[in-house]
$ cat final_24.cif   # mmCIF, C-alpha atoms and all ligand atoms
data_protein
loop_
_atom_site.label_atom_id
_atom_site.label_comp_id
_atom_site.auth_asym_id
_atom_site.auth_seq_id
_atom_site.Cartn_x
_atom_site.Cartn_y
_atom_site.Cartn_z
CA MET A 1 4.46 -10.04 -80.06
CA LYS A 2 4.59 -12.56 -77.23
CA THR A 3 5.49 -11.87 -73.63
CA PHE A 4 7.45 -14.62 -71.88
CA LEU A 5 7.64 -14.78 -68.10
CA VAL A 6 10.91 -16.57 -67.43
CA THR A 7 11.47 -17.53 -63.80
CA GLY A 8 14.97 -18.17 -62.47
CA GLY A 9 16.36 -16.27 -65.45
CA ALA A 10 19.38 -15.02 -63.47
CA GLY A 11 20.63 -18.58 -63.01
CA PHE A 12 22.74 -20.69 -65.35
CA ILE A 13 20.24 -22.15 -67.83
CA GLY A 14 17.66 -19.37 -67.50
CA SER A 15 20.18 -16.66 -68.42
CA ASN A 16 21.41 -18.66 -71.40
CA TYR A 17 17.79 -19.16 -72.48
CA ILE A 18 16.98 -15.44 -72.27
CA ARG A 19 20.09 -14.59 -74.32
CA TYR A 20 19.20 -17.29 -76.85
CA MET A 21 15.60 -16.04 -77.24
CA LEU A 22 16.55 -12.35 -77.59
CA LYS A 23 19.07 -13.27 -80.26
CA LYS A 24 16.61 -15.41 -82.16
CA TYR A 25 13.46 -13.26 -82.03
CA ASP A 26 13.03 -9.51 -82.54
CA ASP A 27 9.37 -9.39 -81.60
CA ILE A 28 9.53 -10.78 -78.07
CA HIS A 29 9.27 -9.35 -74.58
CA ILE A 30 10.89 -11.21 -71.69
CA ILE A 31 10.17 -10.64 -68.02
CA ASN A 32 12.74 -12.31 -65.80
CA LEU A 33 11.44 -13.04 -62.29
CA ASP A 34 14.28 -14.14 -60.03
CA LYS A 35 14.79 -14.11 -56.28
CA LEU A 36 18.55 -13.73 -56.67
CA THR A 37 19.49 -16.52 -54.28
CA TYR A 38 23.19 -17.38 -53.99
CA ALA A 39 22.84 -18.96 -57.47
CA GLY A 40 21.13 -15.98 -59.11
CA ASN A 41 23.53 -13.48 -60.60
CA LEU A 42 22.76 -10.40 -62.68
CA ASP A 43 26.29 -10.55 -64.10
CA ASN A 44 24.94 -13.49 -66.16
CA LEU A 45 22.85 -10.99 -68.13
CA ARG A 46 25.10 -7.96 -68.17
CA ASP A 47 25.33 -7.87 -71.97
CA ILE A 48 21.56 -7.68 -72.43
CA GLU A 49 20.37 -5.81 -69.33
CA ASN A 50 19.64 -2.61 -71.30
CA ASP A 51 17.78 -4.36 -74.11
CA ALA A 52 14.31 -2.74 -74.41
CA ARG A 53 12.75 -6.20 -74.92
CA TYR A 54 13.97 -7.35 -71.51
CA GLU A 55 12.89 -6.52 -67.98
CA PHE A 56 14.08 -7.84 -64.64
CA VAL A 57 11.93 -8.19 -61.52
CA LYS A 58 13.49 -9.30 -58.25
CA GLY A 59 10.97 -11.57 -56.56
CA ASP A 60 10.07 -15.00 -55.28
CA ILE A 61 7.94 -17.50 -57.23
CA CYS A 62 6.32 -18.39 -53.90
CA ASP A 63 4.98 -14.82 -53.63
CA GLU A 64 1.45 -14.92 -55.00
CA GLU A 65 1.17 -11.16 -55.42
CA VAL A 66 4.20 -10.67 -57.68
CA VAL A 67 3.54 -13.90 -59.56
CA ASN A 68 -0.06 -12.87 -60.32
CA ARG A 69 0.94 -9.36 -61.35
CA LEU A 70 3.51 -10.66 -63.85
CA THR A 71 1.59 -13.70 -65.10
CA GLN A 72 -1.31 -11.42 -65.99
CA ARG A 73 0.99 -9.80 -68.57
CA ALA A 74 2.43 -13.05 -69.91
CA ASP A 75 1.47 -15.25 -72.85
CA VAL A 76 3.97 -17.93 -71.91
CA VAL A 77 5.53 -19.01 -68.60
CA VAL A 78 8.86 -20.87 -68.60
CA ASN A 79 9.69 -22.08 -65.10
CA PHE A 80 13.42 -22.49 -64.50
CA ALA A 81 13.37 -21.18 -60.91
CA ALA A 82 14.56 -23.82 -58.50
CA GLU A 83 17.05 -24.75 -55.88
CA SER A 84 19.22 -26.93 -58.08
CA HIS A 85 22.24 -28.37 -56.27
CA VAL A 86 21.96 -31.98 -55.03
CA ASP A 87 24.66 -31.54 -52.34
CA ARG A 88 22.84 -28.58 -50.80
CA SER A 89 19.56 -30.52 -50.85
CA ILE A 90 21.21 -33.24 -48.77
CA GLY A 91 22.29 -30.79 -46.07
CA ARG A 92 19.19 -28.58 -46.11
CA PRO A 93 16.16 -29.72 -48.12
CA ASP A 94 13.78 -27.01 -46.83
CA ASP A 95 14.25 -24.47 -49.63
CA PHE A 96 13.99 -27.19 -52.27
CA ILE A 97 10.54 -28.18 -51.15
CA ARG A 98 9.49 -24.57 -50.77
CA THR A 99 10.71 -23.26 -54.13
CA ASP A 100 10.68 -26.33 -56.36
CA VAL A 101 7.29 -27.67 -55.24
CA PHE A 102 5.33 -24.85 -53.61
CA GLY A 103 6.74 -22.17 -55.95
CA THR A 104 5.70 -24.22 -58.99
CA PHE A 105 2.23 -24.54 -57.47
CA VAL A 106 1.96 -20.73 -57.09
CA LEU A 107 2.99 -20.28 -60.72
CA LEU A 108 0.58 -22.93 -61.98
CA GLU A 109 -2.30 -21.32 -60.08
CA ALA A 110 -1.52 -17.92 -61.55
CA ALA A 111 -1.17 -19.41 -65.05
CA ARG A 112 -4.57 -21.06 -64.68
CA LYS A 113 -6.20 -17.89 -63.38
CA HIS A 114 -4.83 -15.71 -66.17
CA GLY A 115 -5.21 -18.29 -68.95
CA VAL A 116 -1.68 -18.40 -70.34
CA GLU A 117 -1.13 -19.88 -73.77
CA LYS A 118 1.71 -22.18 -72.65
CA PHE A 119 3.36 -23.24 -69.39
CA ILE A 120 6.74 -24.91 -69.80
CA GLN A 121 7.94 -26.74 -66.71
CA ILE A 122 11.70 -27.30 -66.75
CA SER A 123 12.02 -30.66 -65.05
CA THR A 124 15.11 -32.89 -65.06
CA ASP A 125 16.32 -36.39 -65.96
CA GLU A 126 17.06 -36.86 -62.25
CA VAL A 127 13.35 -37.50 -61.58
CA TYR A 128 13.79 -41.02 -63.01
CA GLY A 129 16.55 -41.89 -60.56
CA SER A 130 19.55 -44.03 -61.42
CA ILE A 131 19.74 -46.71 -64.12
CA GLU A 132 22.48 -49.37 -64.44
CA ASP A 133 21.76 -50.41 -68.05
CA GLY A 134 19.53 -49.01 -70.77
CA SER A 135 17.89 -45.59 -70.88
CA PHE A 136 14.75 -44.03 -69.46
CA LYS A 137 11.74 -43.30 -71.65
CA GLU A 138 9.19 -40.61 -70.82
CA THR A 139 6.71 -43.32 -69.77
CA ASP A 140 9.02 -44.91 -67.17
CA PRO A 141 8.16 -44.55 -63.49
CA LEU A 142 9.79 -41.77 -61.47
CA MET A 143 12.15 -42.93 -58.72
CA PRO A 144 13.93 -39.78 -57.55
CA SER A 145 16.53 -40.38 -54.88
CA SER A 146 17.68 -36.99 -53.55
CA PRO A 147 15.59 -34.28 -51.88
CA TYR A 148 16.40 -32.19 -54.99
CA SER A 149 15.14 -34.72 -57.52
CA ALA A 150 12.15 -35.65 -55.35
CA SER A 151 11.13 -31.97 -55.19
CA LYS A 152 11.52 -31.68 -58.96
CA ALA A 153 9.43 -34.84 -59.43
CA GLY A 154 6.72 -33.28 -57.28
CA ALA A 155 6.68 -30.16 -59.45
CA ASP A 156 6.78 -32.23 -62.64
CA ARG A 157 3.68 -34.22 -61.69
CA LEU A 158 1.92 -31.19 -60.24
CA ALA A 159 2.33 -29.45 -63.61
CA PHE A 160 0.91 -32.54 -65.33
CA SER A 161 -2.06 -32.55 -62.95
CA TYR A 162 -2.90 -28.98 -63.99
CA PHE A 163 -3.12 -30.18 -67.59
CA VAL A 164 -5.33 -33.16 -66.75
CA THR A 165 -7.52 -31.43 -64.18
CA TYR A 166 -7.79 -27.88 -65.48
CA GLY A 167 -6.70 -28.16 -69.11
CA LEU A 168 -3.72 -25.86 -68.57
CA PRO A 169 -1.49 -26.11 -71.67
CA VAL A 170 1.55 -27.55 -69.92
CA ILE A 171 4.71 -28.99 -71.49
CA ILE A 172 7.24 -30.78 -69.29
CA THR A 173 10.89 -31.13 -70.27
CA ARG A 174 13.37 -33.53 -68.67
CA CYS A 175 16.87 -32.61 -69.68
CA SER A 176 20.17 -34.23 -68.80
CA ASN A 177 23.20 -32.51 -67.18
CA ASN A 178 23.98 -29.14 -68.78
CA PHE A 179 27.35 -27.46 -69.15
CA GLY A 180 28.39 -24.11 -70.59
CA PRO A 181 29.10 -20.49 -69.63
CA TYR A 182 27.66 -18.91 -66.46
CA GLN A 183 27.24 -22.16 -64.51
CA TYR A 184 27.69 -21.57 -60.79
CA PRO A 185 31.04 -23.04 -59.69
CA GLU A 186 29.51 -25.59 -57.29
CA LYS A 187 28.56 -27.96 -60.15
CA LEU A 188 31.07 -30.51 -61.43
CA ILE A 189 32.43 -28.85 -64.58
CA PRO A 190 32.75 -25.19 -63.49
CA LEU A 191 34.01 -26.28 -60.05
CA PHE A 192 36.73 -28.48 -61.50
CA VAL A 193 37.74 -25.97 -64.18
CA THR A 194 38.02 -23.07 -61.74
CA ASN A 195 39.76 -25.16 -59.05
CA ALA A 196 42.25 -26.42 -61.63
CA LEU A 197 42.92 -22.86 -62.80
CA GLU A 198 43.82 -22.04 -59.19
CA ASP A 199 45.85 -25.26 -58.75
CA LYS A 200 43.40 -26.43 -56.07
CA PRO A 201 42.29 -30.08 -55.58
CA LEU A 202 39.44 -31.48 -57.69
CA PRO A 203 37.22 -33.38 -55.21
CA ILE A 204 35.96 -36.55 -56.90
CA TYR A 205 33.18 -38.38 -55.08
CA GLY A 206 33.57 -42.12 -54.48
CA ASP A 207 35.33 -43.97 -57.31
CA GLY A 208 34.55 -41.30 -59.94
CA LYS A 209 32.73 -43.81 -62.14
CA ASN A 210 29.29 -42.22 -61.87
CA VAL A 211 27.93 -41.46 -65.32
CA ARG A 212 26.05 -38.38 -66.53
CA ASP A 213 24.73 -37.62 -70.03
CA TRP A 214 26.10 -34.15 -70.88
CA ILE A 215 24.44 -31.52 -73.08
CA TYR A 216 25.67 -28.06 -74.05
CA VAL A 217 23.35 -25.47 -72.52
CA GLU A 218 22.58 -23.80 -75.86
CA ASP A 219 21.25 -27.09 -77.20
CA HIS A 220 18.96 -27.34 -74.18
CA CYS A 221 17.68 -23.79 -74.83
CA ASP A 222 17.13 -24.66 -78.49
CA ALA A 223 15.15 -27.78 -77.53
CA ILE A 224 12.92 -25.78 -75.17
CA ASP A 225 12.11 -23.37 -77.98
CA PHE A 226 11.52 -26.27 -80.37
CA LEU A 227 9.04 -27.78 -77.93
CA TYR A 228 7.28 -24.45 -77.42
CA HIS A 229 6.52 -24.49 -81.15
CA ASN A 230 6.11 -28.23 -81.74
CA GLY A 231 5.28 -29.90 -78.44
CA THR A 232 1.87 -31.27 -77.51
CA ASP A 233 0.14 -30.05 -74.36
CA GLY A 234 0.27 -32.50 -71.47
CA GLU A 235 3.32 -34.32 -72.88
CA VAL A 236 6.72 -34.95 -71.32
CA TYR A 237 9.89 -34.69 -73.43
CA ASN A 238 13.33 -36.05 -72.61
CA ILE A 239 16.15 -33.81 -73.85
CA GLY A 240 19.65 -35.20 -74.16
CA ALA A 241 22.60 -35.25 -76.49
CA GLY A 242 23.85 -38.81 -75.94
CA ASN A 243 27.19 -37.82 -74.39
CA GLU A 244 27.54 -40.24 -71.50
CA ARG A 245 30.81 -39.75 -69.63
CA ASN A 246 31.90 -40.77 -66.16
CA ASN A 247 33.33 -38.18 -63.78
CA LEU A 248 36.91 -39.42 -64.23
CA GLU A 249 36.62 -38.87 -67.98
CA ILE A 250 35.28 -35.34 -67.45
CA THR A 251 38.09 -34.60 -65.00
CA GLU A 252 40.74 -35.82 -67.44
CA ILE A 253 39.35 -33.66 -70.26
CA ILE A 254 39.56 -30.60 -68.02
CA LEU A 255 43.10 -31.31 -66.84
CA ARG A 256 44.30 -32.00 -70.38
CA GLU A 257 42.73 -28.83 -71.78
CA LEU A 258 44.28 -26.73 -69.02
CA ASN A 259 47.59 -28.58 -69.03
CA LYS A 260 47.32 -29.30 -65.30
CA PRO A 261 48.68 -32.37 -63.47
CA LYS A 262 46.62 -35.43 -62.56
CA SER A 263 47.86 -35.00 -59.00
CA LEU A 264 45.06 -32.43 -58.56
CA MET A 265 42.56 -35.32 -58.66
CA THR A 266 41.49 -35.93 -55.06
CA PHE A 267 39.13 -38.72 -54.08
CA VAL A 268 36.74 -37.69 -51.33
CA LYS A 269 33.92 -39.32 -49.39
CA ASP A 270 31.02 -40.23 -51.67
CA ARG A 271 27.86 -38.11 -51.86
CA LEU A 272 25.00 -39.67 -49.87
CA GLY A 273 22.51 -41.50 -52.11
CA HIS A 274 24.76 -40.77 -55.11
CA ASP A 275 22.95 -41.82 -58.33
CA ARG A 276 25.26 -44.10 -60.33
CA ARG A 277 24.11 -43.36 -63.84
CA TYR A 278 21.62 -41.16 -65.67
CA SER A 279 20.63 -42.07 -69.20
CA LEU A 280 17.83 -40.81 -71.40
CA ASP A 281 16.10 -42.31 -74.40
CA CYS A 282 15.44 -39.25 -76.59
CA THR A 283 13.70 -41.03 -79.45
CA LYS A 284 10.53 -39.00 -78.93
CA ILE A 285 12.04 -35.55 -79.56
CA ARG A 286 14.43 -36.91 -82.23
CA ASN A 287 11.47 -38.33 -84.17
CA MET A 288 9.89 -34.89 -84.10
CA GLY A 289 12.95 -33.52 -85.90
CA TRP A 290 15.06 -32.01 -83.10
CA GLN A 291 18.71 -32.83 -82.55
CA PRO A 292 21.57 -31.09 -80.74
CA SER A 293 23.83 -29.02 -82.95
CA HIS A 294 27.01 -28.87 -80.83
CA SER A 295 29.62 -31.60 -80.65
CA PHE A 296 30.59 -32.56 -77.11
CA ASP A 297 34.34 -32.09 -77.64
CA GLU A 298 34.05 -28.63 -79.18
CA ALA A 299 31.49 -27.46 -76.62
CA MET A 300 33.71 -28.68 -73.77
CA HIS A 301 36.69 -26.85 -75.26
CA ASP A 302 34.65 -23.63 -75.65
CA THR A 303 33.23 -23.94 -72.16
CA ILE A 304 36.60 -24.47 -70.47
CA GLN A 305 38.05 -21.55 -72.43
CA TRP A 306 35.11 -19.37 -71.37
CA TYR A 307 36.05 -19.89 -67.70
CA VAL A 308 39.71 -19.23 -68.56
CA GLN A 309 38.75 -15.91 -70.14
CA ASN A 310 36.10 -14.82 -67.65
CA ARG A 311 37.78 -14.92 -64.27
CA TRP A 312 35.98 -11.64 -63.46
CA TRP A 313 32.75 -13.65 -63.50
CA TRP A 314 33.67 -16.57 -61.20
CA GLU A 315 36.45 -15.34 -58.93
CA LYS A 316 34.15 -13.19 -56.82
CA LEU A 317 31.60 -16.01 -56.48
CA LYS A 318 34.11 -18.19 -54.62
CA SER A 319 33.98 -16.31 -51.34
CA GLY A 320 31.86 -15.88 -48.19
CA GLU A 321 29.06 -18.43 -47.82
CA TYR A 322 30.49 -20.44 -50.73
CA LEU A 323 33.64 -21.18 -48.74
CA GLU A 324 31.60 -22.23 -45.70
CA PHE A 325 29.46 -24.56 -47.81
CA TYR A 326 32.59 -25.95 -49.44
CA LYS A 327 34.27 -26.70 -46.14
CA SER A 328 31.26 -28.45 -44.65
CA ASN A 329 30.47 -30.39 -47.84
CA TYR A 330 33.99 -31.57 -48.69
CA GLN A 331 35.49 -31.60 -45.18
CA MET A 332 38.34 -29.49 -46.51
CA ALA A 333 38.96 -25.82 -47.09
CA LEU A 334 39.27 -24.40 -50.58
P1 LIG B 1 20.63 -22.37 -61.04
O1 LIG B 1 20.72 -22.80 -59.61
O2 LIG B 1 21.85 -21.90 -61.75
O3 LIG B 1 19.55 -21.20 -61.16
C1 LIG B 1 18.37 -21.18 -60.44
C2 LIG B 1 17.81 -19.76 -60.47
O4 LIG B 1 16.54 -19.75 -59.79
C3 LIG B 1 18.70 -18.74 -59.74
O5 LIG B 1 18.84 -17.59 -60.52
C4 LIG B 1 17.93 -18.45 -58.46
O6 LIG B 1 18.14 -17.15 -57.97
C5 LIG B 1 16.50 -18.65 -58.92
N1 LIG B 1 15.57 -18.96 -57.81
C6 LIG B 1 15.75 -19.87 -56.82
N2 LIG B 1 14.70 -19.85 -55.98
C7 LIG B 1 13.83 -18.92 -56.47
C8 LIG B 1 12.57 -18.46 -56.05
N3 LIG B 1 11.96 -18.96 -54.95
N4 LIG B 1 11.95 -17.51 -56.79
C9 LIG B 1 12.55 -17.00 -57.90
N5 LIG B 1 13.74 -17.38 -58.33
C10 LIG B 1 14.39 -18.34 -57.63
O7 LIG B 1 19.96 -23.60 -61.80
P2 LIG B 1 20.12 -24.08 -63.31
O8 LIG B 1 21.20 -25.07 -63.39
O9 LIG B 1 20.11 -22.91 -64.21
O10 LIG B 1 18.75 -24.89 -63.49
C11 LIG B 1 17.58 -24.23 -63.95
C12 LIG B 1 16.44 -25.22 -64.01
O11 LIG B 1 16.78 -26.29 -64.89
C13 LIG B 1 16.10 -25.86 -62.67
O12 LIG B 1 14.70 -25.96 -62.58
C14 LIG B 1 16.76 -27.23 -62.74
O13 LIG B 1 16.06 -28.16 -61.95
C15 LIG B 1 16.61 -27.53 -64.22
N6 LIG B 1 17.62 -28.45 -64.81
C16 LIG B 1 18.95 -28.20 -64.61
C17 LIG B 1 19.90 -29.04 -65.20
C18 LIG B 1 21.38 -28.77 -65.04
O14 LIG B 1 22.19 -29.58 -65.49
N7 LIG B 1 21.79 -27.65 -64.47
C19 LIG B 1 19.48 -30.14 -65.96
C20 LIG B 1 18.10 -30.36 -66.14
C21 LIG B 1 17.18 -29.51 -65.56
P1 LIG B 2 26.65 -32.21 -60.32
O1 LIG B 2 27.31 -31.22 -61.22
O2 LIG B 2 26.42 -31.82 -58.89
O3 LIG B 2 25.30 -32.64 -61.02
P2 LIG B 2 24.24 -33.81 -60.60
O4 LIG B 2 24.65 -34.45 -59.35
O5 LIG B 2 22.97 -33.04 -60.44
O6 LIG B 2 24.24 -34.75 -61.74
O7 LIG B 2 27.52 -33.55 -60.30
C1 LIG B 2 27.80 -34.27 -61.50
C2 LIG B 2 28.55 -35.52 -61.12
O8 LIG B 2 29.82 -35.13 -60.57
C3 LIG B 2 27.88 -36.34 -60.03
O9 LIG B 2 28.11 -37.73 -60.26
C4 LIG B 2 28.58 -35.92 -58.76
C5 LIG B 2 29.99 -35.63 -59.24
N1 LIG B 2 30.71 -34.60 -58.47
C6 LIG B 2 31.95 -34.90 -57.90
O10 LIG B 2 32.50 -36.01 -58.04
N2 LIG B 2 32.58 -33.92 -57.18
C7 LIG B 2 32.03 -32.70 -56.99
O11 LIG B 2 32.64 -31.84 -56.30
C8 LIG B 2 30.76 -32.40 -57.61
C9 LIG B 2 30.11 -31.05 -57.43
C10 LIG B 2 30.14 -33.39 -58.33
#
$ encode --input "final_24.cif" --output "structure tokens"
Amino acid sequence: MKTFLVTGGAGFIGSNYIRYMLKKYDDIHIINLDKLTYAGNLDNLRDIENDARYEFVKGDICDEEVVNRLTQRADVVVNFAAESHVDRSIGRPDDFIRTDVFGTFVLLEAARKHGVEKFIQISTDEVYGSIEDGSFKETDPLMPSSPYSASKAGADRLAFSYFVTYGLPVIITRCSNNFGPYQYPEKLIPLFVTNALEDKPLPIYGDGKNVRDWIYVEDHCDAIDFLYHNGTDGEVYNIGAGNERNNLEITEIILRELNKPKSLMTFVKDRLGHDRRYSLDCTKIRNMGWQPSHSFDEAMHDTIQWYVQNRWWWEKLKSGEYLEFYKSNYQMAL
């Protein structure tokens, strides 16, 4: 039986990953280390919180003591913990540098000290920066353009350096934009779906023509597990599903599915340093035999319906500090 230390497991992708792994494997133990920032939410794991194979520890990946204590028990570390919202990184980069860079360093040190079997660093396609035409390969240079993506690039290369320098068995994944259940309603899709359900404006940055390559979160989780079994230490793997859509297209899908008027579309001041397009070349992982199993249209339908049916989950998140952030970010109240 393997013990996985999953950091940031109370967030969007981490919680989906824990659920995915518990469903797939009987003989597994998962320790979820999460600080429970504004984005961490134990409601994301309500259905599995009493599973004997699962344990939750509230703590910070920057805290050497707790990280050492838990890493000592782990065979595998999967590092999801991060500050993850570009808009917040523009207003206040401090926590991004602290958690995304320094926190990853603390984890890497502990993993080295305790000799883990695998360290999976969850990086992002945003480390490459924006691309007008074509798609990024794993060997392309990193040109991150937000404090978020720059912090993630720092962690990505730091993880690589632990492979080269100390022989730590590190795998680095760079996935494109995820969507699915339990995504905090500050990100494009859950924000627009929940605003539309409340007949509130959908704030579109700039001209709405920025392009992202969307992947259903379960496919991302599946790819991480595939790479745990089949990846080579020290290698970087792009993960994407080839669903490039601009923000206007995403908005229209949401409005159509919910039968809401286009008048909810509201153009607002562009995000500073807004990357125009992300695009990944995923030939490497495809040639190894992995491919996504969800179609974009069906996964979008299921995701939107999940938010329709789970108001209990998101309604309470849109209060307090969220409303303050919203007002200062969008220059309008929710
Ligand atoms: P999220 O913001 O929903 O979750 C982040 C989690 O990390 C939260 O539960 C939070 O409480 C926890 N956390 C934050 N700081 C911590 C700290 N110091 N110690 C312990 N826990 C801490 O983010 P997400 O969208 O689930 O992203 C997870 C990871 O995947 C991140 O590393 C992100 O960079 C990466 N990623 C995200 C996407 C995407 O589209 N969301 C795409 C590619 C890669
Ligand atoms: P986001 O979900 O924040 O992911 P990322 O910036 O990390 O790719 O944003 C996705 C796209 O949607 C991006 O081009 C910015 C745009 N966007 C808006 O137009 N309005 C919004 O309110 C948000 C949150 C995002």
$ residues_near_point --input "final_24.cif" --point "(27.7, -31.2, -44.4)" --cutoff "10 Å" --atoms "all atoms listed in the file" --output "PyMOL selection string"
chain A and resi 87-88+90-92+324-331
$ residues_near_point --input "final_24.cif" --point "(35.5, -16.8, -67.7)" --cutoff "12 Å" --atoms "all atoms listed in the file" --output "list in words"
Asp43, Asn44, Gly180, Pro181, Tyr182, Gln183, Tyr184, Pro185, Pro190, Val193, Thr194, Leu197, Asp302, Thr303, Ile304, Gln305, Trp306, Tyr307, Val308, Gln309, Asn310, Arg311, Trp312, Trp313, Trp314, Glu315, Lys316 and Leu317 of chain A
$ closest_residue --input "final_24.cif" --among "A:Gly231, A:Gly11, A:Pro203, A:Pro292" --to "ligand LIG 2 (chain B)" --atoms "only C-alpha atoms and all ligand atoms"
A:Pro203
$ atom_distance --input "final_24.cif" --atom1 "atom CA of Ala110 of chain A" --atom2 "atom CA of Ala39 of chain A"
24.7 Å
$ residues_near_ligand --input "final_24.cif" --ligand "ligand LIG 1 (chain B)" --cutoff "7 Å" --atoms "only C-alpha atoms and all ligand atoms" --output "MDAnalysis selection string"
chainID A and resid 7:14 33:41 59:62 79:85 99 103 122:125 152 174:179 183:184
$ write_last_selection --input "final_24.cif" --atoms "C-alpha atoms" --output "mmCIF file, in the coordinates of the input"
data_model
loop_
_atom_site.group_PDB
_atom_site.id
_atom_site.type_symbol
_atom_site.label_atom_id
_atom_site.label_comp_id
_atom_site.auth_asym_id
_atom_site.auth_seq_id
_atom_site.Cartn_x
_atom_site.Cartn_y
_atom_site.Cartn_z
ATOM 1 C CA THR A 7 11.470 -17.530 -63.800
ATOM 2 C CA GLY A 8 14.970 -18.170 -62.470
ATOM 3 C CA GLY A 9 16.360 -16.270 -65.450
ATOM 4 C CA ALA A 10 19.380 -15.020 -63.470
ATOM 5 C CA GLY A 11 20.630 -18.580 -63.010
ATOM 6 C CA PHE A 12 22.740 -20.690 -65.350
ATOM 7 C CA ILE A 13 20.240 -22.150 -67.830
ATOM 8 C CA GLY A 14 17.660 -19.370 -67.500
ATOM 9 C CA LEU A 33 11.440 -13.040 -62.290
ATOM 10 C CA ASP A 34 14.280 -14.140 -60.030
ATOM 11 C CA LYS A 35 14.790 -14.110 -56.280
ATOM 12 C CA LEU A 36 18.550 -13.730 -56.670
ATOM 13 C CA THR A 37 19.490 -16.520 -54.280
ATOM 14 C CA TYR A 38 23.190 -17.380 -53.990
ATOM 15 C CA ALA A 39 22.840 -18.960 -57.470
ATOM 16 C CA GLY A 40 21.130 -15.980 -59.110
ATOM 17 C CA ASN A 41 23.530 -13.480 -60.600
ATOM 18 C CA GLY A 59 10.970 -11.570 -56.560
ATOM 19 C CA ASP A 60 10.070 -15.000 -55.280
ATOM 20 C CA ILE A 61 7.940 -17.500 -57.230
ATOM 21 C CA CYS A 62 6.320 -18.390 -53.900
ATOM 22 C CA ASN A 79 9.690 -22.080 -65.100
ATOM 23 C CA PHE A 80 13.420 -22.490 -64.500
ATOM 24 C CA ALA A 81 13.370 -21.180 -60.910
ATOM 25 C CA ALA A 82 14.560 -23.820 -58.500
ATOM 26 C CA GLU A 83 17.050 -24.750 -55.880
ATOM 27 C CA SER A 84 19.220 -26.930 -58.080
ATOM 28 C CA HIS A 85 22.240 -28.370 -56.270
ATOM 29 C CA THR A 99 10.710 -23.260 -54.130
ATOM 30 C CA GLY A 103 6.740 -22.170 -55.950
ATOM 31 C CA ILE A 122 11.700 -27.300 -66.750
ATOM 32 C CA SER A 123 12.020 -30.660 -65.050
ATOM 33 C CA THR A 124 15.110 -32.890 -65.060
ATOM 34 C CA ASP A 125 16.320 -36.390 -65.960
ATOM 35 C CA LYS A 152 11.520 -31.680 -58.960
ATOM 36 C CA ARG A 174 13.370 -33.530 -68.670
ATOM 37 C CA CYS A 175 16.870 -32.610 -69.680
ATOM 38 C CA SER A 176 20.170 -34.230 -68.800
ATOM 39 C CA ASN A 177 23.200 -32.510 -67.180
ATOM 40 C CA ASN A 178 23.980 -29.140 -68.780
ATOM 41 C CA PHE A 179 27.350 -27.460 -69.150
ATOM 42 C CA GLN A 183 27.240 -22.160 -64.510
ATOM 43 C CA TYR A 184 27.690 -21.570 -60.790
#
